[in-house]
Structures are given as structure tokens and as C-alpha cells.
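**Q** Coordinates in model-v3.cif, mmCIF, C-alpha atoms, are listed below.
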```cif
data_input
#
loop_
_atom_site.label_atom_id
_atom_site.label_comp_id
_atom_site.auth_asym_id
_atom_site.auth_seq_id
_atom_site.Cartn_x
_atom_site.Cartn_y
_atom_site.Cartn_z
CA MET G 1277 92.85 100.90 100.53
CA TYR G 1278 95.52 103.58 100.13
CA ALA G 1279 95.50 103.07 96.38
CA GLN G 1280 92.02 103.46 94.90
CA LEU G 1281 90.96 103.34 91.28
CA VAL G 1282 94.48 102.63 90.05
CA LYS G 1283 94.37 102.51 86.27
CA SER G 1284 95.65 99.12 85.14
CA GLU G 1285 95.62 97.30 81.82
CA GLY G 1286 93.00 95.07 80.30
CA LEU G 1287 93.61 91.39 81.08
CA LYS G 1288 95.68 89.78 78.35
CA PRO G 1289 94.73 86.20 77.52
CA ARG G 1290 97.62 83.74 77.49
CA GLU G 1291 97.40 82.96 73.78
CA GLU G 1292 97.97 86.65 72.96
CA MET G 1293 101.09 86.90 75.10
CA SER G 1294 104.59 87.12 73.64
CA PRO G 1295 107.05 84.42 74.81
CA GLU G 1296 108.60 86.96 77.19
CA GLU G 1297 105.22 87.86 78.66
CA ARG G 1298 104.37 84.20 79.08
CA ALA G 1299 107.65 83.49 80.90
CA PHE G 1300 107.00 86.52 83.11
CA GLN G 1301 103.47 85.36 83.97
CA ASP G 1302 104.84 81.89 84.81
CA ARG G 1303 107.30 83.41 87.24
CA VAL G 1304 104.51 85.39 88.92
CA ASP G 1305 102.28 82.29 89.04
CA ASN G 1306 105.10 80.33 90.68
CA GLY G 1307 105.30 82.92 93.43
CA GLU G 1308 108.71 84.21 92.35
CA LYS G 1309 109.52 87.82 93.16
CA ILE G 1310 110.13 90.19 90.26
CA GLU G 1311 113.14 92.43 90.86
CA PRO G 1312 113.81 95.86 89.31
CA LYS G 1313 116.39 94.68 86.76
CA ASP G 1314 114.26 91.73 85.56
CA TRP G 1315 112.31 91.97 82.32
CA MET G 1316 108.70 93.04 82.93
CA PRO G 1317 105.79 94.06 80.70
CA GLU G 1318 105.52 97.81 80.25
CA GLY G 1319 101.96 97.75 81.63
CA TYR G 1320 103.15 96.03 84.82
CA ARG G 1321 105.78 98.71 85.34
CA LYS G 1322 103.40 101.59 84.65
CA THR G 1323 100.59 100.22 86.78
CA LEU G 1324 103.00 99.65 89.67
CA ILE G 1325 104.35 103.20 89.44
CA ARG G 1326 100.78 104.51 89.62
CA GLN G 1327 99.82 102.20 92.48
CA ILE G 1328 102.95 102.56 94.62
CA GLY G 1329 103.07 106.30 93.91
CA GLN G 1330 99.46 106.76 94.99
CA HIS G 1331 100.14 104.66 98.07
CA ALA G 1332 103.20 106.80 98.94
CA HIS G 1333 101.27 110.04 98.42
CA SER G 1334 98.55 108.76 100.77
CA GLU G 1335 101.10 108.19 103.51
CA ILE G 1336 102.46 111.71 103.14
CA VAL G 1337 99.12 113.51 102.82
CA GLY G 1338 97.82 111.31 105.65
CA GLN G 1339 100.16 113.15 107.99
CA LEU G 1340 98.15 116.35 107.60
CA PRO G 1341 94.82 115.53 109.32
CA GLU G 1342 96.71 114.04 112.26
CA GLY G 1343 99.44 116.66 112.38
CA ASN G 1344 96.62 119.09 113.07
CA TRP G 1345 96.27 117.57 116.55
CA ILE G 1346 99.90 117.26 117.64
CA THR G 1347 99.84 120.68 119.30
CA ARG G 1348 96.37 120.04 120.73
CA ALA G 1349 96.84 116.55 122.18
CA PRO G 1350 95.31 116.28 125.66
CA THR G 1351 98.46 115.06 127.44
CA LEU G 1352 102.20 115.11 126.86
CA GLU G 1353 102.18 111.32 126.49
CA ARG G 1354 99.44 111.40 123.83
CA LYS G 1355 101.37 114.13 122.06
CA ALA G 1356 104.60 112.08 122.00
CA ILE G 1357 102.69 109.04 120.73
CA LEU G 1358 100.92 110.98 117.98
CA LEU G 1359 104.20 112.59 116.97
CA ALA G 1360 105.78 109.13 116.65
CA LYS G 1361 102.86 107.90 114.56
CA VAL G 1362 102.97 110.87 112.19
CA GLN G 1363 106.74 110.41 111.87
CA ASP G 1364 106.12 106.75 110.96
CA GLU G 1365 103.82 107.88 108.14
CA ALA G 1366 106.64 110.00 106.69
CA GLY G 1367 108.86 106.92 106.85
CA HIS G 1368 106.20 104.78 105.15
CA GLY G 1369 105.92 107.32 102.36
CA LEU G 1370 109.67 107.24 101.98
CA TYR G 1371 109.88 103.42 101.78
CA LEU G 1372 107.22 103.46 99.08
CA TYR G 1373 108.78 106.27 97.04
CA SER G 1374 112.03 104.28 97.13
CA ALA G 1375 110.20 101.20 95.86
CA ALA G 1376 108.61 103.24 93.04
CA GLU G 1377 111.99 104.70 92.12
CA THR G 1378 113.37 101.24 91.33
CA LEU G 1379 110.91 101.27 88.40
CA GLY G 1380 112.61 104.24 86.76
CA VAL G 1381 110.75 107.26 88.07
CA SER G 1382 112.26 109.80 90.47
CA ARG G 1383 110.74 110.86 93.76
CA ASP G 1384 110.71 114.50 92.71
CA GLU G 1385 108.79 113.56 89.55
CA LEU G 1386 106.20 111.76 91.65
CA LEU G 1387 105.90 114.71 94.02
CA ASP G 1388 105.49 117.07 91.07
CA LYS G 1389 102.63 114.92 89.81
CA LEU G 1390 100.98 114.96 93.24
CA HIS G 1391 101.32 118.72 93.57
CA SER G 1392 99.99 119.38 90.08
CA GLY G 1393 96.98 117.12 90.71
CA ASN G 1394 98.05 114.50 88.15
CA MET G 1395 98.35 111.79 90.78
CA LYS G 1396 95.86 110.98 93.51
CA TYR G 1397 96.02 110.00 97.16
CA SER G 1398 93.41 108.15 99.22
CA SER G 1399 90.01 109.84 99.44
CA ILE G 1400 89.95 109.39 103.22
CA PHE G 1401 92.43 112.19 103.87
CA ASN G 1402 90.08 114.79 102.44
CA TYR G 1403 87.89 114.54 105.53
CA PRO G 1404 88.57 116.88 108.46
CA THR G 1405 89.67 115.87 111.96
CA LEU G 1406 87.41 118.09 114.05
CA ASN G 1407 88.24 116.96 117.56
CA TRP G 1408 90.42 114.61 119.59
CA ALA G 1409 88.02 111.68 119.20
CA ASP G 1410 88.63 111.88 115.45
CA ILE G 1411 92.29 111.06 116.05
CA GLY G 1412 91.12 107.90 117.82
CA ALA G 1413 88.75 107.06 114.98
CA VAL G 1414 91.44 107.65 112.35
CA GLY G 1415 93.90 105.30 114.05
CA TRP G 1416 91.29 102.65 114.71
CA LEU G 1417 89.35 102.74 111.42
CA VAL G 1418 91.62 104.33 108.82
CA ASP G 1419 94.79 102.54 109.87
CA GLY G 1420 92.68 99.42 110.43
CA ALA G 1421 91.43 99.57 106.84
CA ALA G 1422 94.95 100.26 105.59
CA ILE G 1423 96.30 97.20 107.41
CA MET G 1424 93.55 95.06 105.88
CA ASN G 1425 94.89 96.02 102.47
CA GLN G 1426 98.59 96.00 103.26
CA VAL G 1427 98.89 92.63 104.95
CA PRO G 1428 98.09 90.67 101.77
CA LEU G 1429 100.27 93.04 99.72
CA GLN G 1430 103.30 91.73 101.61
CA ARG G 1431 103.00 88.82 99.15
CA THR G 1432 102.86 91.04 96.07
CA SER G 1433 104.98 89.95 93.10
CA PHE G 1434 107.25 93.01 92.95
CA GLY G 1435 110.18 92.53 95.37
CA PRO G 1436 110.77 96.15 96.47
CA TYR G 1437 107.03 96.75 97.00
CA SER G 1438 106.69 93.56 99.00
CA ARG G 1439 109.67 94.46 101.21
CA ALA G 1440 108.30 97.97 101.81
CA MET G 1441 104.95 96.42 102.81
CA ILE G 1442 106.58 94.02 105.25
CA ARG G 1443 108.36 96.91 106.96
CA ILE G 1444 105.21 99.05 107.00
CA CYS G 1445 102.98 96.29 108.41
CA LYS G 1446 105.42 95.78 111.27
CA GLU G 1447 104.93 99.40 112.29
CA GLU G 1448 101.29 99.88 111.38
CA SER G 1449 99.77 97.75 114.09
CA PHE G 1450 100.96 100.28 116.70
CA HIS G 1451 98.94 102.90 114.81
CA GLN G 1452 95.69 101.03 114.98
CA ARG G 1453 96.13 100.12 118.63
CA GLN G 1454 96.95 103.70 119.67
CA GLY G 1455 93.74 104.79 117.92
CA TYR G 1456 91.69 102.14 119.66
CA ALA G 1457 93.26 103.10 123.00
CA ILE G 1458 92.06 106.69 122.47
CA MET G 1459 88.58 105.37 121.61
CA MET G 1460 88.49 103.23 124.79
CA LYS G 1461 89.49 106.18 126.93
CA MET G 1462 86.70 108.31 125.43
CA ALA G 1463 84.00 105.64 125.18
CA PHE G 1464 84.51 104.69 128.85
CA GLY G 1465 84.88 108.32 129.95
CA THR G 1466 82.22 110.93 130.68
CA PRO G 1467 78.91 110.87 128.74
CA GLU G 1468 80.17 113.87 126.74
CA GLN G 1469 83.35 112.00 125.83
CA LYS G 1470 81.34 108.96 124.80
CA ASP G 1471 79.17 111.18 122.58
CA MET G 1472 82.30 112.53 120.93
CA ALA G 1473 83.54 108.99 120.27
CA GLN G 1474 80.19 108.02 118.76
CA ASP G 1475 80.14 111.16 116.64
CA ALA G 1476 83.65 110.41 115.33
CA LEU G 1477 82.61 106.85 114.44
CA ASN G 1478 79.50 108.20 112.69
CA ARG G 1479 81.55 110.50 110.52
CA PHE G 1480 84.44 108.14 109.73
CA TRP G 1481 82.54 104.88 109.17
CA TYR G 1482 81.47 105.32 105.55
CA PRO G 1483 84.60 107.19 104.41
CA SER G 1484 86.56 104.23 105.85
CA LEU G 1485 84.47 101.76 103.83
CA MET G 1486 85.21 103.87 100.74
CA MET G 1487 88.94 103.36 101.27
CA PHE G 1488 88.69 99.91 99.66
CA GLY G 1489 87.41 101.45 96.43
CA PRO G 1490 84.17 100.78 94.53
CA SER G 1491 82.76 97.31 94.13
CA ASP G 1492 84.78 95.06 91.82
CA LYS G 1493 81.72 94.65 89.63
CA ASP G 1494 82.45 98.22 88.50
CA SER G 1495 86.23 97.93 88.52
CA VAL G 1496 87.49 97.23 85.02
CA HIS G 1497 91.14 96.98 85.94
CA SER G 1498 91.14 94.47 88.77
CA ALA G 1499 91.59 91.32 86.69
CA GLN G 1500 94.99 92.16 85.18
CA SER G 1501 96.32 93.55 88.46
CA MET G 1502 95.25 90.36 90.22
CA ALA G 1503 96.90 88.18 87.54
CA TRP G 1504 100.09 90.16 88.11
CA LYS G 1505 99.70 89.81 91.89
CA ILE G 1506 99.91 93.52 92.51
CA LYS G 1507 96.40 93.29 93.85
CA ILE G 1508 95.75 90.23 96.00
CA ASN G 1509 92.10 90.50 97.10
CA THR G 1510 89.09 92.14 95.56
CA ASN G 1511 87.84 95.41 97.03
CA ASP G 1512 84.64 93.72 98.24
CA GLU G 1513 86.51 90.91 99.97
CA LEU G 1514 88.65 93.35 101.91
CA ARG G 1515 85.68 95.58 102.80
CA GLN G 1516 83.74 92.56 104.11
CA LYS G 1517 86.73 91.45 106.17
CA PHE G 1518 87.10 94.94 107.61
CA VAL G 1519 83.44 95.11 108.64
CA ASN G 1520 83.58 91.63 110.18
CA GLU G 1521 86.56 92.57 112.31
CA THR G 1522 85.45 96.08 113.24
CA VAL G 1523 81.87 95.46 114.39
CA PRO G 1524 82.87 93.49 117.52
CA GLN G 1525 85.45 96.15 118.33
CA ALA G 1526 82.72 98.81 118.24
CA GLU G 1527 80.48 96.60 120.39
CA TYR G 1528 83.21 96.37 123.00
CA LEU G 1529 83.35 100.16 123.09
CA GLY G 1530 79.57 100.33 123.51
CA LEU G 1531 79.34 102.37 120.31
CA SER G 1532 76.95 101.68 117.47
CA ILE G 1533 77.84 101.43 113.81
CA PRO G 1534 75.77 104.05 111.94
CA ASP G 1535 74.03 101.52 109.72
CA ASP G 1536 70.41 100.30 110.21
CA LYS G 1537 70.97 97.41 107.84
CA LEU G 1538 73.94 96.00 109.71
CA ALA G 1539 73.14 92.38 110.63
CA TRP G 1540 75.01 89.13 111.08
CA ASN G 1541 74.47 86.77 108.17
CA GLU G 1542 74.87 83.22 109.40
CA GLU G 1543 75.05 81.80 105.90
CA LYS G 1544 77.99 83.85 104.69
CA GLN G 1545 79.52 84.02 108.18
CA GLY G 1546 79.83 87.77 107.86
CA TYR G 1547 77.86 90.96 108.36
CA ASP G 1548 75.44 92.40 105.84
CA PHE G 1549 75.99 96.14 105.68
CA SER G 1550 75.06 99.25 103.69
CA GLU G 1551 77.29 100.45 100.91
CA PRO G 1552 78.73 103.94 101.29
CA ASP G 1553 77.42 106.72 99.08
CA TRP G 1554 79.54 106.19 95.98
CA SER G 1555 78.55 109.50 94.41
CA GLU G 1556 80.17 111.19 97.40
CA PHE G 1557 83.27 109.05 96.84
CA PHE G 1558 83.58 110.11 93.20
CA GLU G 1559 83.11 113.76 94.15
CA VAL G 1560 85.92 113.52 96.72
CA ILE G 1561 88.19 111.78 94.18
CA LYS G 1562 87.42 114.56 91.69
CA GLY G 1563 88.67 117.13 94.20
CA ASN G 1564 85.40 118.25 95.75
CA GLY G 1565 85.75 116.73 99.22
CA PRO G 1566 85.65 118.88 102.36
CA CYS G 1567 89.46 119.29 102.57
CA ASN G 1568 90.96 118.58 99.12
CA ARG G 1569 92.08 122.15 98.54
CA GLU G 1570 93.42 122.63 102.03
CA ARG G 1571 95.46 119.40 101.85
CA MET G 1572 97.02 120.26 98.53
CA GLU G 1573 97.80 123.81 99.60
CA ALA G 1574 99.53 122.51 102.74
CA ARG G 1575 101.55 120.00 100.68
CA VAL G 1576 102.66 122.52 98.08
CA LYS G 1577 103.51 125.09 100.75
CA ALA G 1578 105.64 122.57 102.67
CA TRP G 1579 107.48 121.65 99.46
CA GLU G 1580 108.07 125.25 98.39
CA ASP G 1581 109.00 126.50 101.86
CA GLY G 1582 111.57 123.71 102.11
CA GLU G 1583 113.25 124.54 98.84
CA TRP G 1584 115.86 126.96 100.25
CA PHE G 1585 116.82 124.30 102.79
CA ARG G 1586 117.17 121.53 100.20
CA ASP G 1587 119.22 123.87 98.01
CA GLY G 1588 121.34 124.95 100.97
CA LEU G 1589 122.23 121.38 101.80
CA ASN G 1590 123.11 120.77 98.16
CA ALA G 1591 125.37 123.83 98.08
CA TYR G 1592 127.10 122.72 101.29
CA ALA G 1593 127.60 119.20 99.93
CA GLU G 1594 129.14 120.58 96.73
CA LYS G 1595 131.48 122.94 98.60
CA ALA G 1596 132.57 120.21 100.99
CA ALA G 1597 133.31 117.90 98.05
CA VAL G 1598 135.49 120.60 96.41
CA ARG G 1599 137.33 121.17 99.72
CA ARG G 1600 137.95 117.45 100.15
CA LYS G 1601 139.33 117.21 96.64
CA ALA G 1602 141.63 120.22 97.19
CA ALA G 1603 142.89 118.71 100.44
CA SER G 1604 143.68 115.39 98.80
CA VAL G 1605 145.52 117.13 95.92
CA ALA G 1606 147.54 119.19 98.43
CA ALA G 1607 148.49 116.05 100.33
CA GLU G 1608 149.95 114.38 97.23
CA MET I 1109 113.25 126.45 90.93
CA SER I 1110 116.37 124.33 91.08
CA LYS I 1111 115.87 120.84 89.80
CA LYS I 1112 118.85 119.22 91.42
CA GLU I 1113 117.63 116.08 93.16
CA TRP I 1114 119.45 114.71 96.16
CA PRO I 1115 121.30 111.53 95.17
CA LEU I 1116 120.12 108.09 96.28
CA TRP I 1117 121.92 106.16 99.03
CA GLU I 1118 121.66 102.53 100.10
CA VAL I 1119 121.45 101.96 103.84
CA PHE I 1120 122.95 99.07 105.81
CA ILE I 1121 122.24 98.54 109.50
CA ARG I 1122 123.90 96.24 112.03
CA GLY I 1123 121.50 95.03 114.68
CA GLN I 1124 122.18 94.51 118.38
CA HIS I 1125 123.44 90.96 118.25
CA GLY I 1126 126.69 91.16 116.35
CA LEU I 1127 125.31 90.13 112.97
CA ASN I 1128 126.47 91.61 109.66
CA HIS I 1129 125.32 94.97 108.44
CA ARG I 1130 122.22 94.25 106.43
CA HIS I 1131 120.67 96.19 103.59
CA VAL I 1132 117.45 97.78 104.84
CA GLY I 1133 116.48 100.21 102.09
CA SER I 1134 117.43 103.44 100.44
CA LEU I 1135 116.95 107.18 100.84
CA HIS I 1136 117.85 110.54 99.33
CA ALA I 1137 120.41 112.85 100.92
CA PRO I 1138 122.74 115.60 99.70
CA ASP I 1139 125.86 114.05 101.27
CA ALA I 1140 127.07 111.14 103.38
CA GLU I 1141 126.65 112.93 106.70
CA MET I 1142 123.01 113.78 105.98
CA ALA I 1143 122.45 110.27 104.65
CA ILE I 1144 123.52 108.89 108.05
CA ASN I 1145 121.20 111.37 109.80
CA HIS I 1146 118.27 110.44 107.60
CA ALA I 1147 119.01 106.73 107.95
CA ARG I 1148 118.90 107.10 111.71
CA ASP I 1149 115.49 108.80 111.50
CA VAL I 1150 114.02 106.47 108.92
CA TYR I 1151 115.45 103.06 109.70
CA THR I 1152 116.28 102.96 113.44
CA ARG I 1153 113.21 104.45 115.13
CA ARG I 1154 112.63 101.24 117.08
CA ARG I 1155 116.16 100.35 118.17
CA GLU I 1156 116.79 98.34 115.01
CA GLY I 1157 120.50 98.97 115.00
CA VAL I 1158 123.76 100.04 116.59
CA SER I 1159 125.70 100.91 113.45
CA ILE I 1160 124.85 102.42 110.05
CA TRP I 1161 126.64 102.25 106.70
CA VAL I 1162 125.56 104.33 103.73
CA VAL I 1163 126.83 104.13 100.17
CA GLN I 1164 125.67 105.99 97.09
CA SER I 1165 123.51 103.71 94.98
CA LYS I 1166 125.46 104.64 91.85
CA ASP I 1167 128.63 103.18 93.38
CA ILE I 1168 127.11 99.72 93.70
CA THR I 1169 127.83 97.25 90.92
CA ALA I 1170 125.18 94.56 90.67
CA SER I 1171 125.17 91.27 88.80
CA SER I 1172 122.76 91.23 85.93
CA PRO I 1173 119.71 88.93 85.84
CA SER I 1174 120.91 87.55 82.48
CA GLU I 1175 124.09 86.28 84.17
CA LYS I 1176 122.07 84.30 86.68
CA GLY I 1177 122.70 80.99 84.92
CA PRO I 1178 126.49 81.17 84.48
CA LEU I 1179 126.95 82.66 87.95
CA PHE I 1180 124.77 80.45 90.08
CA ASP I 1181 124.01 77.24 88.21
CA PRO I 1182 127.43 75.64 88.88
CA ALA I 1183 126.62 75.45 92.62
CA GLU I 1184 123.52 73.42 91.94
CA SER I 1185 125.30 70.14 91.18
CA LYS I 1186 127.72 70.36 94.10
CA THR I 1187 125.55 68.89 96.80
CA TYR I 1188 128.67 67.37 98.41
CA ARG I 1189 129.37 70.83 99.79
CA HIS I 1190 126.62 70.26 102.35
CA PRO I 1191 127.17 68.06 105.42
CA THR I 1192 123.93 66.17 104.77
CA PHE I 1193 125.52 64.69 101.61
CA PHE I 1194 127.48 62.25 103.79
CA ASP I 1195 125.79 59.40 105.65
CA ILE I 1196 127.47 58.77 108.95
CA PRO I 1197 126.39 55.56 110.75
CA GLU I 1198 124.38 56.16 113.89
CA GLU I 1199 126.81 54.23 116.09
CA VAL I 1200 129.50 56.82 115.34
CA GLY I 1201 127.41 59.38 117.26
CA LYS I 1202 126.97 63.08 116.76
CA MET I 1203 129.25 64.66 114.16
#
```
Would you mind writing the file out in C-alpha cells?

**A**
Amino acid sequence: MYAQLVKSEGLKPREEMSPEERAFQDRVDNGEKIEPKDWMPEGYRKTLIRQIGQHAHSEIVGQLPEGNWITRAPTLERKAILLAKVQDEAGHGLYLYSAAETLGVSRDELLDKLHSGNMKYSSIFNYPTLNWADIGAVGWLVDGAAIMNQVPLQRTSFGPYSRAMIRICKEESFHQRQGYAIMMKMAFGTPEQKDMAQDALNRFWYPSLMMFGPSDKDSVHSAQSMAWKIKINTNDELRQKFVNETVPQAEYLGLSIPDDKLAWNEEKQGYDFSEPDWSEFFEVIKGNGPCNRERMEARVKAWEDGEWFRDGLNAYAEKAAVRRKAASVAAE
Amino acid sequence: MSKKEWPLWEVFIRGQHGLNHRHVGSLHAPDAEMAINHARDVYTRRREGVSIWVVQSKDITASSPSEKGPLFDPAESKTYRHPTFFDIPEEVGKM
């Protein structure tokens, strides 16, 4: 999931709700979309800003591990494809920032919070992309896990978020398929290439499972978010679904999932699998992952280096507006 | 550090098949020309459109949710505005 550990509110029982809150909950229960100008509980608004903001930051920071390989792609075609994918991620970030802005926060405020470390992005982007096979694994597993989370969110109760998700899902499937296509090329290539593909899967498997967040048993905030339909499935449900869909895809590639306990469970019609190392997850979230510092430095540098350009465009826009005004006065 | 944020624009795109311009989302840009450029990059990467409109969000006047009743309820009782309100005998044929 691109939004992990989003702080929500404690679940409010119906009898404690104000009449406004009750009417709001009824609308959500009826499947109505909540629009920016509608009345909404303060907690709903705040939780959504945190969740959508974190989701947007993940899209933007997610460009960095892949951007690393644009200049090193093995062919011109692969390079053009990767460039298009990374450009999509910028667009996805933008759709989501726009959705968050309808809740009364500005994009620059959200970026400030990201750059100062007051808002998080997905833990997955703090892992390095060491070689070309990693780009395949990222598309296949990371975008695959993201899709798993985003498809149900198309039905989320907040209109602008839902519309952003619909647009993103339309584009995201290309990302996963381009990743899998890279994996196929490598897994069916030379023995060395196959080893690289296996190594990439080994390193990205557990971090991908972490993307869905810790087990819901330990998640205190899920219940209210689910009642508000800003979270549709539990973390464990989505993780299980991801494993069920990914294992056969790995089998097709002739690669093995790095998990001795992985086994089909006839009874639950799903795979049993090992949990990732959650202490590692919490360390990465805290800022101690392999690439946290590098990612944040790259983000802040991009923002600061772009400042003269943003200011220049502002100055030009202001001058042009003055000129237009003078011209229209002269014409009168 | 200057704190002037680029204003917000709403983007409307007309697709290939002669339909109306349709609202697709919003973006930030310093002026109209840049808004069109950004809209092209953000909203037409997969041949979604052949024409773009942009308008500053602050120039849009929207109806308020509290007016929903007075504005839209009157249409509810006027089912005779739909062709299905009228029963035409089968022997008359397609109409």
C-alpha cells in the first residue's frame, strides 16, 4: 500500500454521533460520494489529507529509484518505456495532490511537510535499485502491490480521491506489465540474467509484502477508516490477495519465492506464507532504511534547484498581465 | 524563499469523437499558457484529447450543496419530460 500507518481516529459508535455525523455516515453507507463542499467530520478530512498526501508523496519519491536507471536502460526502447512510466508517476502524484487540495491544504504545504520529514511516503522506496533486474522487479511487484490497493480505492467515499484512483488505475496496469516483461526477458535469458532476476525477487519480495502495512490485529486505526470507506480492505486481506496472484507469476518465470514456508492451503484457497520482518519495517519507517537519506536529499535538492525557475515563471506571468492591462487601457 | 504558489487551474479536454470538453482535473501553473502546456503533459499522454480548455479555479462559481433541494428537486416530479412517460400502442410501431 502506498499509504501505510495512516493515523486515523478511534471508531465512534453511532449513539455518540451528532445528528450531522449520523447523516454523514448514512450517506457513506448508502454508497454516496462525499464532495469537497459537503459537510464532513473534521477527523474524516484530516485523515484523508494524511492518507492522500502520503499516497501522493509515494508517487513522487517513487520516481527516484527508477529514475536512476533511465540513463542506464539496456536499449533505447526500454529507456523510452521507463521514461514514460516515471512520467506517469509524476502525473499520479499530481492527481493526488489535487485531490488533497480540495480538502483545504495547499500542495506547497504538503511538499514542505514531506521535505521536513513531517509526512511519510511508502517504505518500499527506501530500498535501492542495484541493477536492471530490479527495475523489472519494481514494476512487477511494487506496482503490482500498489494496484492491489488502488483498485478497491476507486470505490472510496471521497469523490476527488475516487476519481484520481480511477485515472491512476487505468495507467498503472501498463507499469506492472512492463516490469513483468523485463522479468520474462531476464528469466528466459542467459543463466547470469536468470540469476539477476532471482536475486531481484529475493530482495524485493519482503519489502513488497511490507507495502500493505502491519497486520490489522496491530492496526488501531483501521476500523474508523473502514467505516468511512477511505480504506476498503484490511492490510492482511490485500497481502493475501497479492501473494495468491504473484506466486503463479513467479512459477511461470521459473523463479522461486524466497520463503520456505510458502505452501498452498486448500482450506483457505490461498497460500500460507511467512510474514516480513516487521522490526525492519519500523526501522525503515523511522528513517533508517538503506536509502531514506538519499531519497530525501534528492527531493529537497530538486525542489530547491527548481525555485529560480518557478519564480521566473511567476515574474513573467506578472509582467505579461501588466502588459495586457496596459494594452487594453490604451485601446479604450 | 518566495512563498508565492502557482494558482490552480481546472482542465477541460475534448476527446477525438466530437463530444463536449469534459472536466478532467486540475493543476497548478503560473499563467494560462503554462497551464495549457502542463495540461498537455498531465492529461493527454495517451491521446485522450484534441483540444484543451483551462480556467482558473477561482473564476468558477459553483452551486452550493445546501441549495441542492431548491435547485434540483423540482425536476423530480416531472417524469412527463421523459419519452417513457407516454405509452404508445404497439401497433403504431416505432416512435

**Q** Apply the PyMOL selection byres ((chain I) within 10 of (chain G)) to the file shown and report the selected residues as a count of residues only.

**A** 29

**Q** Determine the nearest neighbour of Gln1280 (chain G) from the options G:Glu1297, G:Asp1475, G:Asp1492, G:Glu1342, counting all atoms listed in the file.

**A**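 Distance minimum relative to Gln1280 (chain G) lands on G:Asp1492.
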
**Q** Just how far from CA of Ser1398 (chain G) is CA of Ala1376 (chain G), in Å to one decimal?

**A**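 Calculated distance between CA of Ala1376 (chain G) and CA of Ser1398 (chain G) is 17.1 Å.
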
**Q** List the neighbours of Arg1354 (chain G) out to 12 Å using only C-alpha atoms; skip same-chain residues closer than 4 positions along the sequence, and give me the result as a PyMOL selection string.

**A** chain G and resi 1345-1350+1358-1361+1408+1411-1412+1454-1455+1457-1458+1461

**Q** Quick one: pull the distance between CA of Asp1305 (chain G) and CA of Lys1322 (chain G), Å, one decimal.

**A**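 About the pair CA of Asp1305 (chain G) and CA of Lys1322 (chain G): they are 19.8 Å apart.
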
**Q** Name the residues that the PyMOL selection byres ((chain I and resi 1163-1166) around 6) pulls out of this structure, and write them as a list in words.

**A**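 Matching residues under the PyMOL selection byres ((chain I and resi 1163-1166) around 6) are Leu1116, Trp1117, Glu1118, Val1162, Asp1167 and Ile1168 of chain I.
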
**Q** May I have the centre and edge lengths, in Å to one decimal, of an axis-aligned box around the listed atoms of region 1118-1126 of chain I with 6 Å added to every side, as AutoDock Vina command-line options?

**A**
```
--center_x 124.1 --center_y 96.7 --center_z 109.2 --size_x 17.2 --size_y 23.6 --size_z 30.3
```

**Q** What does the distance between CA of Ser1532 (chain G) and CA of Ser1449 (chain G) come to in Å, to one decimal place?

**A**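 So the answer is 23.4 Å.
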
**Q** For a cutoff of 8 Å around the file-coordinate point (120.1, 96.9, 115.6), which residues qualify once you count all atoms listed in the file? I'd like the result as a list in words.

**A**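 Residues lying no farther than 8 Å from the given point: Ile1121, Arg1122, Gly1123, Gln1124, His1125, Thr1152, Arg1155, Glu1156, Gly1157, Val1158 and Ser1159 of chain I.
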
**Q** Which residues would end up in the selection if the PyMOL selection byres ((chain G and resi 1498) around 10) were applied here, given that I need the answer as a list in words?

**A**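 On the file shown, the PyMOL selection byres ((chain G and resi 1498) around 10) covers Leu1281, Val1282, Lys1283, Ser1284, Glu1285, Gly1286, Leu1287, Asp1492, Lys1493, Asp1494, Ser1495, Val1496, His1497, Ala1499, Gln1500, Ser1501, Met1502, Ala1503, Trp1504, Ile1506, Lys1507, Ile1508, Asn1509, Thr1510 and Asn1511 of chain G.
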
**Q** With all atoms listed in the file as the counted atoms, please give the residues lying no more than 10 Å from Gly1307 (chain G), apart from itself and same-chain residues fewer than 5 positions off, as a VMD selection string.

**A** chain G and resid 1301 to 1302 1431 to 1433 1505

**Q** Let me see the file: selected residues, C-alpha atoms, as a PDB file, in the coordinates of the input.

**A**
```pdb
ATOM      1  CA  GLN G1301     103.470  85.360  83.970  1.00  0.00           C
ATOM      2  CA  ASP G1302     104.840  81.890  84.810  1.00  0.00           C
ATOM      3  CA  ARG G1431     103.000  88.820  99.150  1.00  0.00           C
ATOM      4  CA  THR G1432     102.860  91.040  96.070  1.00  0.00           C
ATOM      5  CA  SER G1433     104.980  89.950  93.100  1.00  0.00           C
ATOM      6  CA  LYS G1505      99.700  89.810  91.890  1.00  0.00           C
TER       7      LYS G1505
END
```

**Q** For the point (84.4, 121.6, 102.5) in file coordinates, what residues are within 9 Å, counting all atoms listed in the file? Give the answer as a PyMOL selection string?

**A** chain G and resi 1402-1404+1564-1569

**Q** So which residues touch region 1547-1557 of chain G within 7 Å, counting all atoms listed in the file, skipping near sequence neighbours fewer than 5 positions away, as a PyMOL selection string?

**A** chain G and resi 1482+1485-1486+1519-1520+1535+1537-1541

**Q** Residues at most 6 Å from Gln1452 (chain G), counting only C-alpha atoms, excluding those fewer than 5 positions away in the same chain, as JSON, numbers by chain?

**A** {"G": [1415, 1416, 1419, 1420]}

**Q** Please save C-alpha atoms of the selected residues as a short mmCIF file (atom, residue, chain, number, x, y, z; two decimals), keeping the file's coordinate frame.

**A**
```
data_model
loop_
_atom_site.label_atom_id
_atom_site.label_comp_id
_atom_site.auth_asym_id
_atom_site.auth_seq_id
_atom_site.Cartn_x
_atom_site.Cartn_y
_atom_site.Cartn_z
CA GLY G 1415 93.90 105.30 114.05
CA TRP G 1416 91.29 102.65 114.71
CA ASP G 1419 94.79 102.54 109.87
CA GLY G 1420 92.68 99.42 110.43
#
```
